[in-house]
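*Asks:* I'd like to ask you about the structure that follows.
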Amino acid sequence: MTRVTGVRQRGADGGDDLDRALRAAQGGDEEAFRVLYRDVQPRLIRFAGALVGADAEDVTSEAWLQIARDLPGFRGDIDGFRGWTATITRHRALDHLRRRARRPAADAPAEELLTLAGPSDTEALALDGIATEDALRLIAGLPRDQAEAVLLRVVMGLDAKAAGKVLGKRPGAIRTAAHRGLRRLTERLAAPSEASEASEAAAAGSREAAADSAGAAAGTAPAPQAGTLPGAGSDKSGGTGAEGVR
């Protein structure tokens, strides 16, 4: 059974306080708005980073402009607010990707090539490291539906229903995609360890084979005859070369 950590329980991270901050921010309280920003922005930047790479800050900046503009008309609690901000960020990220795709190849900065997923044993390890750069690269390498489901469920802390609203899918489809994505992450995280063990085993086998080969070579050399020394032979006079030795 998939264990999803990081999904907030009511009140576990000051939910009631954040609900009050949300109401105050809608009324124009700037300090309350900063409280909301500090809670949501780290989640949004990781979410956007898995979608657009190094351009995440540009995307979230555009998202916050819309969030601030439309906040007075928002209806919902802090969970709904996180889902709403994730929806806005996702739309801005997709707009950004479309613009980037239309951009001439020669104008694309080389840094964009660094946003491709790279290699980085258990599902718990995948989730515990979810906020790290390597883990986000791994998530970015998942199929889009799985990557977004994992990000919304774990990074944004949304339940399946709220994540489904962001993606326009049923909660069951979100659970399935998140489960498959986490399972694939587990396999990718375990792969380097397995490869290292295989490499060490191969190296040990090579050393053992070399030792066996050396032993075999030593066993085929002719044994010296009794009473003679290796390298001692007859001299030109037909003697043993040991005359005069007393």
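Each chain in the structure tokens gets a letter, A, B, ..., in the order shown, and its residues are numbered from 1; ligands are numbered from 1 in order too.
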With a distance cut-off of 10 Å and only C-alpha atoms, select the neighbouring residues of A:His96, excluding the residue or stretch itself and same-chain residues fewer than 5 positions from it, and output the selection as a ChimeraX atom specification.
*Replies:* /A:51-52,55-56,58-59,90-91,101
*Asks:* The selected residues should be written to file as a PDB file, in the first residue's frame (atoms: C-alpha atoms).
*Replies:*
```pdb
ATOM      1  CA  LEU A  51       7.794  21.388 -14.756  1.00  0.00           C
ATOM      2  CA  VAL A  52      10.009  24.157 -16.147  1.00  0.00           C
ATOM      3  CA  ASP A  55      12.619  29.094 -14.934  1.00  0.00           C
ATOM      4  CA  ALA A  56      10.555  28.203 -11.856  1.00  0.00           C
ATOM      5  CA  ASP A  58       9.781  33.427 -13.329  1.00  0.00           C
ATOM      6  CA  VAL A  59       6.738  31.166 -13.493  1.00  0.00           C
ATOM      7  CA  ARG A  90       0.483  24.972 -13.488  1.00  0.00           C
ATOM      8  CA  HIS A  91      -1.285  27.115 -16.120  1.00  0.00           C
ATOM      9  CA  ALA A 101       8.734  25.506 -27.634  1.00  0.00           C
TER      10      ALA A 101
END
```
*Asks:* For a quick check of understanding, using only C-alpha atoms, which of A:Phe47, A:Gly28, A:Arg100, A:Leu18 has the smallest distance to A:Gly76?
*Replies:*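 Answer, going by the shortest atom-to-atom distance: A:Leu18.
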*Asks:* Near A:Gly49, within 10 Å and counting only C-alpha atoms, which residues show up once chain neighbours fewer than 4 positions away are dropped, as an NGL selection string?
*Replies:* :A and (43-45 or 53-57 or 59-60 or 93 or 115 or 133 or 136-137 or 140)
*Asks:* Could you write out the selected residues, including N, CA and C atoms, as a tab-separated table (two decimals), in the first residue's frame?
*Replies:*
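Saved file selection_27.tsv follows:
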```tsv
chain	number	residue	atom	x	y	z
A	43	ARG	N	6.42	25.47	-1.73
A	43	ARG	CA	5.75	24.36	-2.41
A	43	ARG	C	5.62	24.65	-3.90
A	44	LEU	N	5.22	25.90	-4.21
A	44	LEU	CA	5.02	26.26	-5.61
A	44	LEU	C	6.33	26.24	-6.39
A	45	ILE	N	7.41	26.69	-5.75
A	45	ILE	CA	8.68	26.76	-6.47
A	45	ILE	C	9.18	25.36	-6.81
A	53	GLY	N	11.97	23.60	-14.78
A	53	GLY	CA	13.39	23.68	-14.46
A	53	GLY	C	13.81	25.01	-13.89
A	54	ALA	N	14.87	25.58	-14.45
A	54	ALA	CA	15.48	26.79	-13.90
A	54	ALA	C	14.59	28.02	-14.01
A	55	ASP	N	13.51	27.94	-14.77
A	55	ASP	CA	12.62	29.09	-14.93
A	55	ASP	C	11.50	29.12	-13.90
A	56	ALA	N	11.62	28.32	-12.85
A	56	ALA	CA	10.55	28.20	-11.86
A	56	ALA	C	10.24	29.54	-11.19
A	57	GLU	N	11.25	30.33	-10.88
A	57	GLU	CA	11.00	31.61	-10.21
A	57	GLU	C	10.22	32.56	-11.11
A	59	VAL	N	8.10	31.68	-13.41
A	59	VAL	CA	6.74	31.17	-13.49
A	59	VAL	C	5.96	31.49	-12.22
A	60	THR	N	6.57	31.28	-11.06
A	60	THR	CA	5.84	31.56	-9.82
A	60	THR	C	5.60	33.05	-9.63
A	93	ALA	N	3.00	27.64	-15.93
A	93	ALA	CA	4.10	26.78	-16.36
A	93	ALA	C	3.85	26.23	-17.77
A	115	THR	N	18.11	20.84	-17.26
A	115	THR	CA	16.87	20.52	-16.55
A	115	THR	C	16.40	19.12	-16.84
A	133	GLU	N	17.04	18.54	-4.63
A	133	GLU	CA	17.17	18.83	-6.06
A	133	GLU	C	17.23	17.55	-6.88
A	136	LEU	N	13.79	16.01	-7.19
A	136	LEU	CA	12.94	16.76	-8.12
A	136	LEU	C	13.32	16.48	-9.57
A	137	ARG	N	14.62	16.27	-9.82
A	137	ARG	CA	15.02	15.89	-11.17
A	137	ARG	C	14.45	14.52	-11.54
A	140	ALA	N	10.82	14.96	-12.31
A	140	ALA	CA	10.65	15.59	-13.61
A	140	ALA	C	10.83	14.58	-14.74
```
*Asks:* Would you list the contacts of A:Val150 as a list in words, taking every protein, DNA or RNA residue within 7 Å and counting only C-alpha atoms, but skipping same-chain residues closer than 4 positions in sequence?
*Replies:*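 Contacts, with the query itself left out: Gln146, Val154, Ala178 and Gly181 of chain A.
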*Asks:* With only C-alpha atoms as the basis for distance, which of A:Asp159, A:Glu30, A:Arg38, A:Arg180 is at the shortest distance from A:Arg144?
*Replies:*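 Nearest to A:Arg144: A:Arg180.
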